[in-house]
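Asks: Dropping in final.csv, with CSV, C-alpha atoms.
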chain,number,residue,atom,x,y,z
F,13,MET,CA,0.0,0.0,0.0
F,14,GLN,CA,1.2,3.5,-0.8
F,15,GLU,CA,1.5,5.6,2.4
F,16,SER,CA,3.3,8.1,0.3
F,17,TYR,CA,0.0,10.0,-0.2
F,18,VAL,CA,-0.5,10.7,3.5
F,19,ASN,CA,0.2,14.4,4.3
F,20,LYS,CA,0.4,15.2,0.5
F,21,VAL,CA,-1.6,17.5,-1.7
F,22,ILE,CA,-3.1,15.7,-4.7
F,23,ILE,CA,-4.4,17.4,-7.9
F,24,PHE,CA,-6.7,15.7,-10.4
F,25,ASP,CA,-5.8,17.3,-13.7
F,26,GLU,CA,-8.6,15.5,-15.5
F,27,GLY,CA,-12.1,14.6,-14.2
F,28,THR,CA,-12.8,11.1,-12.9
F,29,GLY,CA,-16.6,11.3,-13.2
F,30,CYS,CA,-17.4,12.4,-9.6
F,31,ILE,CA,-14.2,14.4,-9.1
F,32,PRO,CA,-14.0,17.4,-11.5
F,33,ALA,CA,-10.9,18.4,-13.4
F,34,GLY,CA,-8.6,20.7,-11.4
F,35,ALA,CA,-9.8,19.4,-8.0
F,36,MET,CA,-7.3,19.5,-5.2
F,37,CYS,CA,-7.2,17.6,-1.9
F,38,PHE,CA,-5.0,16.9,1.1
F,39,CYS,CA,-4.7,13.2,2.0
F,40,TYR,CA,-4.5,12.9,5.8
F,41,ARG,CA,-5.1,9.2,6.7
F,42,LEU,CA,-4.7,5.7,5.3
F,43,ASP,CA,-7.6,3.4,6.0
F,44,GLY,CA,-7.0,0.0,4.4
F,45,GLU,CA,-7.1,0.5,0.6
F,46,TYR,CA,-8.5,4.0,1.0
F,47,PHE,CA,-7.2,7.4,1.8
F,48,TRP,CA,-9.2,10.1,3.6
F,49,ALA,CA,-8.8,13.4,1.9
F,50,THR,CA,-10.1,16.9,2.4
F,51,PHE,CA,-10.9,18.7,-0.9
F,52,ARG,CA,-10.6,22.4,-1.4
F,53,GLU,CA,-14.1,22.5,-2.9
F,54,PRO,CA,-16.9,20.1,-2.0
F,55,ILE,CA,-17.3,16.9,-4.0
F,56,LEU,CA,-20.8,15.4,-3.9
F,57,GLY,CA,-21.6,17.9,-1.2
F,58,ARG,CA,-18.7,16.9,1.1
F,59,LYS,CA,-15.2,18.1,1.6
F,60,ASP,CA,-13.9,15.0,3.4
F,61,ILE,CA,-14.0,11.9,1.2
F,62,LYS,CA,-12.6,8.4,1.4
F,63,LEU,CA,-10.8,7.7,-1.9
F,64,HIS,CA,-9.7,4.3,-3.1
F,65,VAL,CA,-6.0,4.1,-3.8
F,66,ASN,CA,-6.7,3.2,-7.4
F,67,VAL,CA,-8.5,6.5,-8.0
F,68,ILE,CA,-5.4,8.4,-6.8
F,69,ASN,CA,-3.0,6.2,-8.7
F,70,LYS,CA,-4.9,6.5,-12.0
F,71,HIS,CA,-6.0,10.1,-11.9
F,72,GLY,CA,-4.1,12.1,-9.3
F,73,ARG,CA,-0.7,13.5,-9.0
F,74,ILE,CA,1.3,14.8,-6.0
F,75,THR,CA,2.0,18.5,-6.2
F,76,THR,CA,5.5,19.8,-5.6
Using structure tokens, write down the structure from this file.
Replies:
Amino acid sequence: MQESYVNKVIIFDEGTGCIPAGAMCFCYRLDGEYFWATFREPILGRKDIKLHVNVINKHGRITT
């Protein structure tokens, strides 16, 4: 499992369906195969969302 996302800011350059293009979040906790993340703007009416690691691996990138 990739703990490298914890305490990192992730950007989704392209949309994923529910996550719009340009969305940005901060991953703060690993929970099995999921990461808890706080988004800058609400996604599906919530700022804190549990994301599967595959969503981040396929669509996100760590900001520098």
Asks: Hey, can you check how far CA of Ile23 in chain F sits from CA of Lys62 in chain F?
Replies: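 Taking CA of Ile23 in chain F and CA of Lys62 in chain F, their separation equals 15.3 Å.
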Asks: Could you name the residues that touch Lys70 in chain F at 12 Å or less, counting only C-alpha atoms, but leaving out those on the same chain fewer than 3 positions away, as a PDB file with C-alpha atoms, in the coordinates of the input?
Replies:
ATOM      1  CA  ILE F  22      -3.100  15.700  -4.700  1.00  0.00           C
ATOM      2  CA  ILE F  23      -4.400  17.400  -7.900  1.00  0.00           C
ATOM      3  CA  PHE F  24      -6.700  15.700 -10.400  1.00  0.00           C
ATOM      4  CA  ASP F  25      -5.800  17.300 -13.700  1.00  0.00           C
ATOM      5  CA  GLU F  26      -8.600  15.500 -15.500  1.00  0.00           C
ATOM      6  CA  GLY F  27     -12.100  14.600 -14.200  1.00  0.00           C
ATOM      7  CA  THR F  28     -12.800  11.100 -12.900  1.00  0.00           C
ATOM      8  CA  LEU F  63     -10.800   7.700  -1.900  1.00  0.00           C
ATOM      9  CA  HIS F  64      -9.700   4.300  -3.100  1.00  0.00           C
ATOM     10  CA  VAL F  65      -6.000   4.100  -3.800  1.00  0.00           C
ATOM     11  CA  ASN F  66      -6.700   3.200  -7.400  1.00  0.00           C
ATOM     12  CA  VAL F  67      -8.500   6.500  -8.000  1.00  0.00           C
ATOM     13  CA  ARG F  73      -0.700  13.500  -9.000  1.00  0.00           C
ATOM     14  CA  ILE F  74       1.300  14.800  -6.000  1.00  0.00           C
TER      15      ILE F  74
END
Asks: F:Asn69, F:Lys20, F:Thr75, F:Ala33: which is nearest Thr50 in chain F, counting only C-alpha atoms?
Replies: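 Smallest distance to Thr50 in chain F is found for F:Lys20.
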Asks: For Phe47 in chain F, which residue among F:Ile61, F:Cys30, F:Ala35, F:Val21 is the nearest when counting all atoms listed in the file?
Replies: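 Result for the nearest residue to Phe47 in chain F: F:Ile61.
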Asks: Which one is closest to Asp43 in chain F: F:Leu56, F:Gly72, F:Ile31, F:Tyr17? Count all atoms listed in the file.
Replies: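 Going through F:Leu56, F:Gly72, F:Ile31, F:Tyr17 one by one, the smallest distance to Asp43 in chain F is for F:Tyr17.
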Asks: Report the distance between CA of Tyr40 in chain F and CA of Asn19 in chain F in Å, rounded to one decimal place.
Replies: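 A separation of 5.2 Å between them.
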Asks: Between CA of Phe51 in chain F and CA of Met36 in chain F, what is the distance in Å, rounded to a tenth?
Replies: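 Result for CA of Phe51 in chain F versus CA of Met36 in chain F: 5.7 Å, one decimal.
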Asks: Go through F:Pro32, F:Arg58, F:Glu45, F:Phe38 and flag the residue nearest His71 in chain F, using all atoms listed in the file for the distances.
Replies: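 Of F:Pro32, F:Arg58, F:Glu45, F:Phe38, the one nearest His71 in chain F is F:Pro32, counting all atoms listed in the file.
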